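Structure file query_33.txt (compact mmCIF, C-alpha atoms (C1' of nucleotides)) is printed below.
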# COMPACT_ATOMS: atom_id res chain seq x y z
CA MET A 1 22.78 3.75 -6.42
CA ARG A 2 19.15 2.94 -6.67
CA LEU A 3 16.71 3.49 -9.48
CA SER A 4 13.39 4.67 -8.04
CA LYS A 5 10.15 2.86 -8.73
CA ARG A 6 9.03 5.90 -10.69
CA GLY A 7 12.06 5.58 -12.90
CA GLU A 8 11.70 1.85 -13.17
CA TYR A 9 8.03 1.93 -14.13
CA GLY A 10 8.54 4.79 -16.54
CA LEU A 11 11.38 3.05 -18.31
CA ARG A 12 9.44 -0.20 -18.47
CA ALA A 13 6.44 1.58 -19.93
CA MET A 14 8.50 3.40 -22.52
CA ILE A 15 10.27 0.21 -23.53
CA MET A 16 6.91 -1.47 -23.87
CA LEU A 17 5.57 1.40 -25.97
CA ALA A 18 8.60 1.13 -28.21
CA GLY A 19 8.44 -2.62 -28.27
CA THR A 20 5.36 -3.59 -30.21
CA PRO A 21 5.07 -1.49 -33.32
CA GLU A 22 2.87 -4.00 -35.10
CA PRO A 23 3.61 -3.89 -38.84
CA GLY A 24 0.22 -2.57 -39.95
CA THR A 25 -0.40 -0.06 -37.18
CA PRO A 26 0.84 3.43 -37.86
CA LEU A 27 0.65 4.61 -34.26
CA PRO A 28 1.05 1.89 -31.68
CA MET A 29 -1.29 3.49 -29.19
CA VAL A 30 -1.50 1.81 -25.80
CA GLN A 31 -3.73 2.52 -22.84
CA ILE A 32 -2.60 3.00 -19.27
CA LYS A 33 -4.68 0.05 -18.20
CA GLU A 34 -2.94 -2.28 -20.58
CA ILE A 35 0.53 -1.23 -19.49
CA SER A 36 -0.35 -1.39 -15.82
CA GLN A 37 -1.73 -4.88 -16.22
CA ARG A 38 1.15 -6.23 -18.26
CA GLU A 39 3.79 -4.74 -15.99
CA GLN A 40 1.94 -5.15 -12.69
CA ILE A 41 1.93 -1.47 -11.85
CA SER A 42 -0.74 0.53 -10.04
CA ALA A 43 -2.67 2.25 -12.82
CA LYS A 44 -3.03 5.47 -10.86
CA PHE A 45 0.66 5.69 -10.15
CA LEU A 46 1.51 4.94 -13.75
CA GLU A 47 -0.86 7.68 -14.81
CA GLN A 48 1.28 10.27 -13.04
CA ILE A 49 4.43 8.90 -14.52
CA LEU A 50 3.16 8.89 -18.09
CA LEU A 51 1.82 12.40 -17.62
CA THR A 52 5.23 13.59 -16.50
CA LEU A 53 6.76 11.96 -19.54
CA LYS A 54 4.15 13.55 -21.73
CA ASN A 55 4.77 17.01 -20.32
CA ALA A 56 8.45 16.45 -20.94
CA GLY A 57 7.64 15.97 -24.61
CA MET A 58 8.47 12.31 -24.93
CA LEU A 59 4.96 10.97 -25.21
CA HIS A 60 1.86 12.07 -27.01
CA SER A 61 -1.61 11.01 -26.10
CA LYS A 62 -5.10 10.94 -27.35
CA MET A 63 -8.04 11.50 -25.06
CA GLY A 64 -11.39 9.85 -25.19
CA VAL A 65 -12.65 6.51 -26.33
CA GLY A 66 -9.99 4.55 -28.15
CA GLY A 67 -7.34 6.91 -26.90
CA GLY A 68 -4.03 6.13 -25.29
CA TYR A 69 -0.33 6.95 -25.34
CA TYR A 70 2.28 6.72 -28.04
CA LEU A 71 5.87 7.84 -28.45
CA ALA A 72 6.32 11.45 -29.51
CA ARG A 73 9.35 10.54 -31.62
CA PRO A 74 10.74 7.40 -33.22
CA SER A 75 12.14 5.00 -30.65
CA SER A 76 15.59 5.50 -32.13
CA GLU A 77 15.49 9.13 -31.05
CA ILE A 78 14.58 8.69 -27.41
CA THR A 79 17.41 7.80 -25.07
CA LEU A 80 17.12 6.15 -21.70
CA GLY A 81 19.04 9.09 -20.28
CA GLN A 82 16.24 11.47 -21.18
CA ILE A 83 13.66 9.28 -19.52
CA PHE A 84 15.80 8.69 -16.48
CA ARG A 85 16.54 12.36 -15.90
CA THR A 86 12.91 13.31 -16.30
CA LEU A 87 11.79 10.89 -13.62
CA ASP A 88 14.76 10.48 -11.32
CA GLY A 89 16.78 13.65 -11.74
CA PRO A 90 20.49 13.97 -12.43
CA VAL A 91 22.59 10.94 -13.22
CA ALA A 92 25.56 12.12 -11.16
CA PRO A 93 26.04 10.49 -7.74
CA ILE A 94 27.13 13.82 -6.31
CA LYS A 95 26.09 17.30 -7.39
CA CYS A 96 29.56 18.67 -8.00
CA VAL A 97 30.12 16.30 -10.93
CA SER A 98 26.73 16.77 -12.56
CA GLN A 99 26.83 18.06 -16.12
CA MET A 100 23.15 18.88 -16.28
CA ALA A 101 22.66 20.17 -12.73
CA TYR A 102 25.97 21.25 -11.27
CA GLU A 103 26.19 22.54 -7.74
CA PRO A 104 29.30 22.90 -5.62
CA CYS A 105 29.75 20.38 -2.83
CA GLY A 106 31.49 21.33 0.38
CA CYS A 107 35.01 20.19 -0.35
CA PRO A 108 37.82 22.73 0.11
CA ASP A 109 39.19 22.33 -3.41
CA GLU A 110 37.23 20.71 -6.20
CA GLN A 111 40.23 20.30 -8.45
CA THR A 112 42.15 18.12 -6.05
CA CYS A 113 39.21 16.33 -4.44
CA GLY A 114 39.75 12.60 -4.77
CA LEU A 115 36.14 11.68 -4.23
CA ARG A 116 35.10 14.08 -6.94
CA MET A 117 37.48 12.54 -9.45
CA VAL A 118 36.16 9.06 -8.91
CA MET A 119 32.52 10.12 -8.83
CA GLY A 120 33.12 11.99 -12.05
CA ASP A 121 34.22 8.73 -13.61
CA VAL A 122 31.15 7.00 -12.27
CA ARG A 123 28.88 9.71 -13.62
CA ASN A 124 30.48 9.44 -17.03
CA ALA A 125 30.22 5.69 -17.08
CA ILE A 126 26.51 5.81 -16.28
CA ALA A 127 25.78 8.67 -18.64
CA ASP A 128 27.72 6.94 -21.42
CA ILE A 129 25.35 4.02 -21.22
CA LEU A 130 22.08 5.82 -20.65
CA ASP A 131 22.68 8.61 -23.15
CA ASN A 132 23.87 6.28 -25.87
CA THR A 133 21.11 3.72 -25.53
CA THR A 134 17.86 4.46 -27.31
CA LEU A 135 14.57 2.69 -26.89
CA ALA A 136 15.18 1.16 -30.31
CA ASP A 137 18.48 -0.27 -29.08
CA VAL A 138 16.69 -1.90 -26.19
CA THR A 139 13.99 -3.53 -28.27
CA LYS A 140 16.58 -4.68 -30.77
CA ARG A 141 18.58 -6.28 -28.03
CA GLN A 142 15.49 -7.94 -26.62
CA GLY A 143 14.76 -9.31 -30.06
CA ALA A 144 18.25 -10.73 -30.35
CA VAL A 145 17.95 -12.51 -27.01
CA ARG A 146 14.53 -13.88 -27.90
CA LYS A 147 15.85 -15.20 -31.18
CA LYS A 148 18.82 -16.81 -29.49
CA LEU A 149 16.51 -18.52 -27.03
CA GLY A 150 14.16 -19.60 -29.77
CA ILE A 151 11.18 -17.61 -28.55
CA LYS A 152 8.87 -16.49 -31.29
CA LYS A 153 6.89 -13.66 -29.79
CA MET B 154 21.70 7.69 -8.83
CA ARG B 155 22.66 9.51 -5.71
CA LEU B 156 25.41 8.85 -3.23
CA SER B 157 24.08 9.38 0.30
CA LYS B 158 25.71 11.79 2.71
CA ARG B 159 26.72 8.82 4.80
CA GLY B 160 28.52 7.34 1.83
CA GLU B 161 30.03 10.65 0.88
CA TYR B 162 31.33 11.43 4.35
CA GLY B 163 32.62 7.91 4.86
CA LEU B 164 34.49 7.92 1.57
CA ARG B 165 35.93 11.36 2.27
CA ALA B 166 37.11 10.27 5.69
CA MET B 167 38.70 7.10 4.38
CA ILE B 168 40.45 8.98 1.60
CA MET B 169 41.73 11.43 4.16
CA LEU B 170 42.94 8.63 6.42
CA ALA B 171 44.76 7.10 3.47
CA GLY B 172 46.06 10.42 2.35
CA THR B 173 48.53 11.62 4.91
CA PRO B 174 50.86 8.82 5.94
CA GLU B 175 53.61 11.14 7.09
CA PRO B 176 57.00 9.55 6.43
CA GLY B 177 58.04 9.04 10.03
CA THR B 178 54.70 7.98 11.48
CA PRO B 179 54.01 4.24 11.50
CA LEU B 180 50.29 4.56 12.10
CA PRO B 181 48.70 7.70 10.77
CA MET B 182 46.16 7.96 13.53
CA VAL B 183 43.55 10.66 13.16
CA GLN B 184 40.80 11.80 15.50
CA ILE B 185 37.17 12.22 14.64
CA LYS B 186 37.36 15.87 15.55
CA GLU B 187 40.13 16.53 13.10
CA ILE B 188 38.32 14.84 10.22
CA SER B 189 35.06 16.55 11.02
CA GLN B 190 36.72 19.93 11.06
CA ARG B 191 38.72 19.47 7.90
CA GLU B 192 35.78 18.06 5.96
CA GLN B 193 33.04 20.15 7.57
CA ILE B 194 31.07 17.20 8.85
CA SER B 195 29.04 16.93 12.06
CA ALA B 196 31.34 15.12 14.48
CA LYS B 197 28.54 13.05 15.94
CA PHE B 198 27.33 11.89 12.57
CA LEU B 199 30.85 11.05 11.49
CA GLU B 200 31.23 9.04 14.68
CA GLN B 201 28.50 6.64 13.60
CA ILE B 202 29.93 6.33 10.15
CA LEU B 203 33.44 5.54 11.31
CA LEU B 204 32.02 3.07 13.79
CA THR B 205 30.19 1.28 11.02
CA LEU B 206 33.36 1.18 8.99
CA LYS B 207 35.24 -0.12 11.99
CA ASN B 208 32.73 -2.88 12.63
CA ALA B 209 33.03 -3.82 8.98
CA GLY B 210 36.73 -4.40 9.57
CA MET B 211 38.08 -1.55 7.49
CA LEU B 212 39.24 0.67 10.32
CA HIS B 213 40.95 0.10 13.61
CA SER B 214 40.89 2.51 16.48
CA LYS B 215 42.54 3.29 19.72
CA MET B 216 40.60 4.58 22.66
CA GLY B 217 41.66 7.08 25.21
CA VAL B 218 43.99 10.01 25.21
CA GLY B 219 45.97 10.23 22.00
CA GLY B 220 43.66 7.73 20.37
CA GLY B 221 41.97 7.89 16.99
CA TYR B 222 41.31 5.91 13.86
CA TYR B 223 43.60 4.31 11.32
CA LEU B 224 43.16 2.01 8.35
CA ALA B 225 42.95 -1.66 9.20
CA ARG B 226 44.82 -2.60 6.03
CA PRO B 227 47.17 -0.86 3.63
CA SER B 228 45.35 1.69 1.50
CA SER B 229 46.16 -0.38 -1.57
CA GLU B 230 43.99 -3.18 -0.21
CA ILE B 231 40.83 -1.23 0.50
CA THR B 232 38.56 -0.56 -2.45
CA LEU B 233 35.97 2.15 -2.74
CA GLY B 234 33.46 -0.57 -3.51
CA GLN B 235 33.88 -2.06 -0.05
CA ILE B 236 33.34 1.29 1.61
CA PHE B 237 30.40 2.16 -0.60
CA ARG B 238 28.59 -1.12 0.00
CA THR B 239 29.10 -0.93 3.73
CA LEU B 240 27.52 2.50 3.95
CA ASP B 241 25.12 2.67 1.02
CA GLY B 242 24.26 -0.92 0.25
CA PRO B 243 24.31 -2.64 -3.13
CA VAL B 244 25.77 -0.91 -6.15
CA ALA B 245 23.09 -2.19 -8.53
CA PRO B 246 20.36 0.28 -9.52
CA ILE B 247 17.80 -2.50 -9.38
CA LYS B 248 17.82 -5.60 -7.21
CA CYS B 249 17.53 -8.16 -10.00
CA VAL B 250 20.97 -7.26 -11.36
CA SER B 251 22.77 -7.15 -8.03
CA GLN B 252 25.68 -9.55 -7.70
CA MET B 253 26.03 -9.13 -3.96
CA ALA B 254 22.34 -8.89 -3.02
CA TYR B 255 20.21 -10.41 -5.76
CA GLU B 256 16.44 -10.39 -5.49
CA PRO B 257 13.95 -10.97 -8.28
CA CYS B 258 12.10 -7.95 -9.55
CA GLY B 259 8.57 -8.23 -10.83
CA CYS B 260 9.19 -8.62 -14.54
CA PRO B 261 7.59 -11.61 -16.29
CA ASP B 262 10.84 -12.90 -17.76
CA GLU B 263 14.22 -11.81 -16.49
CA GLN B 264 16.10 -13.18 -19.45
CA THR B 265 14.30 -11.06 -21.99
CA CYS B 266 13.74 -7.97 -19.83
CA GLY B 267 15.16 -4.99 -21.65
CA LEU B 268 15.42 -2.82 -18.56
CA ARG B 269 17.32 -5.54 -16.78
CA MET B 270 19.87 -5.82 -19.57
CA VAL B 271 20.66 -2.13 -19.51
CA MET B 272 20.69 -1.86 -15.75
CA GLY B 273 23.02 -4.84 -15.68
CA ASP B 274 25.41 -2.86 -17.85
CA VAL B 275 25.09 0.13 -15.54
CA ARG B 276 25.77 -1.98 -12.49
CA ASN B 277 28.85 -3.46 -14.10
CA ALA B 278 30.15 -0.08 -15.15
CA ILE B 279 29.82 1.28 -11.63
CA ALA B 280 31.21 -1.82 -9.96
CA ASP B 281 34.13 -1.89 -12.40
CA ILE B 282 35.18 1.52 -11.19
CA LEU B 283 34.49 1.19 -7.49
CA ASP B 284 35.84 -2.32 -7.09
CA ASN B 285 39.01 -1.59 -9.03
CA THR B 286 39.85 1.66 -7.34
CA THR B 287 41.67 1.46 -4.03
CA LEU B 288 42.28 4.23 -1.56
CA ALA B 289 45.91 4.19 -2.69
CA ASP B 290 44.79 4.80 -6.27
CA VAL B 291 42.83 7.83 -5.16
CA THR B 292 45.65 9.41 -3.19
CA LYS B 293 48.05 8.70 -6.03
CA ARG B 294 45.75 10.43 -8.45
CA GLN B 295 45.35 13.38 -6.12
CA GLY B 296 49.10 13.64 -5.92
CA ALA B 297 49.41 13.66 -9.69
CA VAL B 298 46.92 16.48 -10.01
CA ARG B 299 48.60 18.48 -7.27
CA LYS B 300 51.94 18.08 -8.96
CA LYS B 301 50.53 19.13 -12.27
CA LEU B 302 49.04 22.23 -10.70
CA GLY B 303 52.27 23.01 -8.88
CA ILE B 304 50.84 22.62 -5.40
CA LYS B 305 53.33 21.47 -2.82
CA LYS B 306 51.29 20.12 0.01
C1' DC C 307 -25.66 11.99 -23.43
C1' DA C 308 -23.04 8.07 -21.63
C1' DA C 309 -18.92 5.71 -21.37
C1' DA C 310 -14.05 5.49 -22.14
C1' DA C 311 -10.10 7.50 -21.86
C1' DG C 312 -6.57 11.06 -20.33
C1' DT C 313 -5.55 15.53 -17.05
C1' DA C 314 -4.59 17.61 -12.85
C1' DT C 315 -3.84 18.18 -8.21
C1' DA C 316 -4.05 17.17 -3.50
C1' DC C 317 -3.57 14.08 0.12
C1' DT C 318 -1.66 10.10 2.88
C1' DT C 319 1.40 6.87 4.49
C1' DG C 320 5.62 4.81 5.25
C1' DT C 321 10.44 4.59 5.26
C1' DA C 322 15.00 6.04 5.02
C1' DC C 323 18.29 9.73 5.48
C1' DT C 324 20.51 12.94 8.43
C1' DA C 325 21.42 14.04 12.12
C1' DT C 326 21.44 14.83 17.71
C1' DA C 327 21.66 13.31 22.52
C1' DG C 328 23.32 11.10 26.29
C1' DA C 329 25.27 7.70 29.01
C1' DC C 330 29.17 4.54 28.94
C1' DT C 331 34.20 2.55 28.42
C1' DT C 332 39.06 2.84 27.73
C1' DT C 333 43.57 4.92 28.15
C1' DA C 334 47.32 8.20 29.13
C1' DT C 335 49.34 11.13 32.26
C1' DG C 336 50.22 14.39 36.08
C1' DC D 337 44.40 7.38 41.11
C1' DA D 338 41.69 11.15 39.33
C1' DT D 339 40.84 13.55 35.39
C1' DA D 340 40.40 14.52 30.73
C1' DA D 341 40.62 12.91 26.17
C1' DA D 342 39.27 9.95 23.24
C1' DG D 343 36.14 6.16 21.15
C1' DT D 344 31.45 3.10 21.83
C1' DC D 345 26.76 2.28 21.72
C1' DT D 346 21.87 2.93 21.48
C1' DA D 347 17.88 5.60 21.15
C1' DT D 348 15.31 9.15 19.31
C1' DA D 349 13.76 13.17 16.50
C1' DG D 350 12.94 15.76 12.40
C1' DT D 351 12.66 15.97 7.65
C1' DA D 352 12.27 14.77 3.01
C1' DC D 353 11.03 11.93 -0.38
C1' DA D 354 9.02 7.89 -2.49
C1' DA D 355 5.03 5.44 -3.49
C1' DG D 356 0.60 5.11 -3.72
C1' DT D 357 -4.64 6.87 -3.31
C1' DA D 358 -8.36 9.84 -4.10
C1' DT D 359 -11.12 12.95 -6.35
C1' DA D 360 -12.83 16.00 -9.55
C1' DC D 361 -12.45 17.43 -14.23
C1' DT D 362 -11.96 17.38 -19.57
C1' DT D 363 -12.02 15.37 -24.08
C1' DT D 364 -13.66 12.24 -27.47
C1' DT D 365 -16.48 8.74 -29.71
C1' DG D 366 -20.73 6.43 -30.70
Show how you would write the structure in this file as structure tokens.
Amino acid sequence: MRLSKRGEYGLRAMIMLAGTPEPGTPLPMVQIKEISQREQISAKFLEQILLTLKNAGMLHSKMGVGGGYYLARPSSEITLGQIFRTLDGPVAPIKCVSQMAYEPCGCPDEQTCGLRMVMGDVRNAIADILDNTTLADVTKRQGAVRKKLGIKK
Amino acid sequence: MRLSKRGEYGLRAMIMLAGTPEPGTPLPMVQIKEISQREQISAKFLEQILLTLKNAGMLHSKMGVGGGYYLARPSSEITLGQIFRTLDGPVAPIKCVSQMAYEPCGCPDEQTCGLRMVMGDVRNAIADILDNTTLADVTKRQGAVRKKLGIKK
DNA sequence: CAAAAGTATACTTGTACTATAGACTTTATG
DNA sequence: CATAAAGTCTATAGTACAAGTATACTTTTG
């Protein structure tokens, strides 16, 4: 049940973009280079990923000197499920239980297929988490842990 | 979050092996050929899969004429998690949250990594289902659905 | 206009998934 | 005891996809 590197890097980048909305700054714009350095990701690879996310409407960007990326919507309105699906495809382990991209699998009878029942549960469990967790939820949770550990920044 | 064909076929086969313990028969022995036909799986590919499962101690087999495969333990003592891990590896979407096969990922601080927290939840949700569902549970559930739909066999 | 940044697309490389092949061993039975 | 029916084992091939590189282009600011 692996998360691809694309998905991993994209999620990390989005969390980072949601994570440091410095009080004064209206748009926390961040450059590819900065993200790639902080998260140890190949800048060129990250470029592709952010572009995909941009074309999916989750990021905006500004070209030219002083440009960079920023979230297209407030972090409380972007779910991890949206990001995940954009980069890694359907959440369902098996096509015949996918809500967003259903396709029949080869079993004789879907209704009585035991594997399908269980994988449906798995799909729902994953989707429940990813679709109900926003970027804001993640940064909030990070903040709580930091506070508990006594870390300032 | 895909289930591989190997995992899918293996799970299907195990569910089938658990599924038809005809009253009189002590060991519901089934041949590769029969499974491959019923489930539309390449017999040769299935062979490998069942062999892997056998070497993992979940199946026993009998060679020669009238031979075949049968569950090594009662279906109530084999979980889907065991089968899944044998064929598809760790359940965790990302190595740093794997209970059975932990490895550090590249993030600067695991404790405060937002992605890790969420993926930990996902791992637990998946493992909760797979490790707490036995083959017997699956066949029981299939039976319930069949009954509800008024299907005899 | 030069430099800094994003855009776009094509290419490469490696690995893992999905098989397929073939030679071998064990067992029942006529 | 020979034969056929079954499982065992290992190697290999083809494909797809992931992950990363490369290159040429556009926009913006100073």
Could you write out chain B as a CSV table (one decimal) with C-alpha atoms, in the frame of the given file once it has been least-squares superposed on chain A using every ordered C-alpha pair?
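Contents of the output file result_29.csv:
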chain,number,residue,atom,x,y,z
B,154,MET,CA,22.8,3.8,-6.4
B,155,ARG,CA,19.2,3.0,-6.7
B,156,LEU,CA,16.7,3.5,-9.5
B,157,SER,CA,13.4,4.7,-8.0
B,158,LYS,CA,10.2,2.9,-8.7
B,159,ARG,CA,9.0,5.9,-10.7
B,160,GLY,CA,12.1,5.6,-12.9
B,161,GLU,CA,11.7,1.9,-13.2
B,162,TYR,CA,8.0,2.0,-14.1
B,163,GLY,CA,8.5,4.8,-16.5
B,164,LEU,CA,11.4,3.1,-18.3
B,165,ARG,CA,9.4,-0.2,-18.5
B,166,ALA,CA,6.4,1.6,-19.9
B,167,MET,CA,8.5,3.4,-22.5
B,168,ILE,CA,10.3,0.2,-23.5
B,169,MET,CA,6.9,-1.5,-23.9
B,170,LEU,CA,5.6,1.4,-26.0
B,171,ALA,CA,8.6,1.1,-28.2
B,172,GLY,CA,8.4,-2.6,-28.3
B,173,THR,CA,5.3,-3.6,-30.2
B,174,PRO,CA,5.0,-1.5,-33.3
B,175,GLU,CA,2.8,-4.0,-35.1
B,176,PRO,CA,3.5,-3.9,-38.8
B,177,GLY,CA,0.2,-2.6,-40.0
B,178,THR,CA,-0.4,-0.1,-37.2
B,179,PRO,CA,0.9,3.5,-37.8
B,180,LEU,CA,0.7,4.6,-34.2
B,181,PRO,CA,1.1,1.9,-31.7
B,182,MET,CA,-1.3,3.4,-29.2
B,183,VAL,CA,-1.5,1.8,-25.8
B,184,GLN,CA,-3.7,2.5,-22.8
B,185,ILE,CA,-2.6,3.0,-19.3
B,186,LYS,CA,-4.7,0.0,-18.2
B,187,GLU,CA,-2.9,-2.3,-20.6
B,188,ILE,CA,0.6,-1.2,-19.5
B,189,SER,CA,-0.3,-1.4,-15.8
B,190,GLN,CA,-1.7,-4.9,-16.2
B,191,ARG,CA,1.2,-6.3,-18.2
B,192,GLU,CA,3.8,-4.7,-16.0
B,193,GLN,CA,2.0,-5.1,-12.7
B,194,ILE,CA,2.0,-1.5,-11.9
B,195,SER,CA,-0.7,0.6,-10.0
B,196,ALA,CA,-2.7,2.2,-12.8
B,197,LYS,CA,-3.0,5.5,-10.9
B,198,PHE,CA,0.7,5.7,-10.2
B,199,LEU,CA,1.5,4.9,-13.8
B,200,GLU,CA,-0.9,7.7,-14.8
B,201,GLN,CA,1.3,10.3,-13.1
B,202,ILE,CA,4.4,8.9,-14.5
B,203,LEU,CA,3.2,8.9,-18.1
B,204,LEU,CA,1.8,12.4,-17.6
B,205,THR,CA,5.2,13.6,-16.5
B,206,LEU,CA,6.8,11.9,-19.5
B,207,LYS,CA,4.1,13.5,-21.7
B,208,ASN,CA,4.8,17.0,-20.3
B,209,ALA,CA,8.4,16.5,-21.0
B,210,GLY,CA,7.6,16.0,-24.6
B,211,MET,CA,8.5,12.3,-24.9
B,212,LEU,CA,5.0,11.0,-25.2
B,213,HIS,CA,1.9,12.1,-27.0
B,214,SER,CA,-1.6,11.0,-26.1
B,215,LYS,CA,-5.1,10.9,-27.4
B,216,MET,CA,-8.0,11.4,-25.1
B,217,GLY,CA,-11.4,9.7,-25.2
B,218,VAL,CA,-12.6,6.4,-26.4
B,219,GLY,CA,-9.9,4.4,-28.2
B,220,GLY,CA,-7.3,6.8,-26.9
B,221,GLY,CA,-4.0,6.0,-25.3
B,222,TYR,CA,-0.3,6.9,-25.3
B,223,TYR,CA,2.3,6.7,-28.1
B,224,LEU,CA,5.9,7.8,-28.5
B,225,ALA,CA,6.3,11.4,-29.5
B,226,ARG,CA,9.4,10.5,-31.6
B,227,PRO,CA,10.7,7.4,-33.2
B,228,SER,CA,12.1,5.0,-30.6
B,229,SER,CA,15.6,5.5,-32.1
B,230,GLU,CA,15.5,9.1,-31.1
B,231,ILE,CA,14.6,8.7,-27.4
B,232,THR,CA,17.4,7.8,-25.1
B,233,LEU,CA,17.1,6.2,-21.7
B,234,GLY,CA,19.0,9.1,-20.3
B,235,GLN,CA,16.2,11.5,-21.2
B,236,ILE,CA,13.7,9.3,-19.5
B,237,PHE,CA,15.8,8.7,-16.5
B,238,ARG,CA,16.5,12.4,-15.9
B,239,THR,CA,12.9,13.4,-16.3
B,240,LEU,CA,11.8,10.9,-13.6
B,241,ASP,CA,14.8,10.5,-11.3
B,242,GLY,CA,16.8,13.7,-11.8
B,243,PRO,CA,20.5,14.0,-12.4
B,244,VAL,CA,22.6,11.0,-13.2
B,245,ALA,CA,25.6,12.1,-11.1
B,246,PRO,CA,26.0,10.5,-7.7
B,247,ILE,CA,27.1,13.8,-6.3
B,248,LYS,CA,26.1,17.3,-7.4
B,249,CYS,CA,29.6,18.7,-8.0
B,250,VAL,CA,30.1,16.3,-10.9
B,251,SER,CA,26.7,16.8,-12.6
B,252,GLN,CA,26.9,18.1,-16.1
B,253,MET,CA,23.2,18.9,-16.3
B,254,ALA,CA,22.7,20.2,-12.7
B,255,TYR,CA,26.0,21.3,-11.3
B,256,GLU,CA,26.2,22.6,-7.7
B,257,PRO,CA,29.3,22.9,-5.6
B,258,CYS,CA,29.8,20.4,-2.8
B,259,GLY,CA,31.5,21.3,0.4
B,260,CYS,CA,35.0,20.2,-0.4
B,261,PRO,CA,37.8,22.7,0.1
B,262,ASP,CA,39.2,22.3,-3.4
B,263,GLU,CA,37.3,20.7,-6.2
B,264,GLN,CA,40.2,20.3,-8.4
B,265,THR,CA,42.2,18.1,-6.0
B,266,CYS,CA,39.2,16.3,-4.4
B,267,GLY,CA,39.8,12.6,-4.7
B,268,LEU,CA,36.1,11.7,-4.2
B,269,ARG,CA,35.1,14.1,-6.9
B,270,MET,CA,37.5,12.5,-9.4
B,271,VAL,CA,36.1,9.0,-8.9
B,272,MET,CA,32.5,10.1,-8.8
B,273,GLY,CA,33.1,12.0,-12.0
B,274,ASP,CA,34.2,8.7,-13.6
B,275,VAL,CA,31.1,7.0,-12.2
B,276,ARG,CA,28.9,9.7,-13.6
B,277,ASN,CA,30.5,9.4,-17.0
B,278,ALA,CA,30.2,5.7,-17.1
B,279,ILE,CA,26.5,5.8,-16.3
B,280,ALA,CA,25.8,8.7,-18.6
B,281,ASP,CA,27.7,7.0,-21.4
B,282,ILE,CA,25.4,4.0,-21.2
B,283,LEU,CA,22.1,5.8,-20.7
B,284,ASP,CA,22.7,8.6,-23.1
B,285,ASN,CA,23.9,6.3,-25.9
B,286,THR,CA,21.1,3.7,-25.5
B,287,THR,CA,17.9,4.5,-27.3
B,288,LEU,CA,14.6,2.7,-26.9
B,289,ALA,CA,15.2,1.2,-30.3
B,290,ASP,CA,18.5,-0.2,-29.1
B,291,VAL,CA,16.7,-1.9,-26.2
B,292,THR,CA,14.0,-3.5,-28.3
B,293,LYS,CA,16.6,-4.6,-30.8
B,294,ARG,CA,18.6,-6.3,-28.0
B,295,GLN,CA,15.5,-7.9,-26.6
B,296,GLY,CA,14.7,-9.3,-30.1
B,297,ALA,CA,18.2,-10.7,-30.4
B,298,VAL,CA,17.9,-12.5,-27.0
B,299,ARG,CA,14.5,-13.9,-27.9
B,300,LYS,CA,15.8,-15.2,-31.2
B,301,LYS,CA,18.7,-16.8,-29.5
B,302,LEU,CA,16.4,-18.5,-27.0
B,303,GLY,CA,14.1,-19.6,-29.8
B,304,ILE,CA,11.1,-17.6,-28.6
B,305,LYS,CA,8.8,-16.5,-31.3
B,306,LYS,CA,6.8,-13.6,-29.8
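The nearest approach to DT362 in chain D among the residues A:Gly143, A:Pro74, A:Pro28, A:Gly64, with all atoms listed in the file taken into account, belongs to A:Gly64.
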Contacts of range 318-332 of chain C at 10 Å (all atoms listed in the file; same-chain gap of 4+ positions) as a list of chain:residue names: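 In the requested form, the answer reads B:Ser157, B:Lys158, B:Arg159, B:Ser195, B:Lys197, B:Phe198, B:Leu199, B:Lys215, B:Met216, B:Gly217, B:Val218, B:Gly220, D:DA342, D:DG343, D:DT344, D:DC345, D:DT346, D:DA347, D:DT348, D:DA349, D:DG350, D:DT351, D:DA352, D:DC353, D:DA354, D:DA355, D:DG356, D:DT357, D:DA358.
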Residues of the last selection are to be written out with C-alpha atoms (C1' of nucleotides), as a compact mmCIF listing (two decimals), in the frame of the given file.
# COMPACT_ATOMS: atom_id res chain seq x y z
CA SER B 157 24.08 9.38 0.30
CA LYS B 158 25.71 11.79 2.71
CA ARG B 159 26.72 8.82 4.80
CA SER B 195 29.04 16.93 12.06
CA LYS B 197 28.54 13.05 15.94
CA PHE B 198 27.33 11.89 12.57
CA LEU B 199 30.85 11.05 11.49
CA LYS B 215 42.54 3.29 19.72
CA MET B 216 40.60 4.58 22.66
CA GLY B 217 41.66 7.08 25.21
CA VAL B 218 43.99 10.01 25.21
CA GLY B 220 43.66 7.73 20.37
C1' DA D 342 39.27 9.95 23.24
C1' DG D 343 36.14 6.16 21.15
C1' DT D 344 31.45 3.10 21.83
C1' DC D 345 26.76 2.28 21.72
C1' DT D 346 21.87 2.93 21.48
C1' DA D 347 17.88 5.60 21.15
C1' DT D 348 15.31 9.15 19.31
C1' DA D 349 13.76 13.17 16.50
C1' DG D 350 12.94 15.76 12.40
C1' DT D 351 12.66 15.97 7.65
C1' DA D 352 12.27 14.77 3.01
C1' DC D 353 11.03 11.93 -0.38
C1' DA D 354 9.02 7.89 -2.49
C1' DA D 355 5.03 5.44 -3.49
C1' DG D 356 0.60 5.11 -3.72
C1' DT D 357 -4.64 6.87 -3.31
C1' DA D 358 -8.36 9.84 -4.10
Just give me the gap between CA of Ser36 in chain A and CA of Gly89 in chain A in Å, one decimal is fine.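 These atoms are spaced 23.2 Å apart.
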For range 312-315 of chain C, please output as a PyMOL selection string all residues within 12 Å (counting only C-alpha atoms (C1' of nucleotides); exclusion window: fewer than 6 positions along the same chain). (chain A and resi 30-33+44+47-48+50-52+54-55+60-69) or (chain D and resi 358-364)
Near chain A, which residues of chain B fall within 9 Å when you count all atoms listed in the file, and what do they look like as a ChimeraX atom specification? /B:154-157,161,164-165,168,191-193,241-248,259-261,264-268,270-271,274-276,278-279,282-283,286,291-292,294-296,298-299
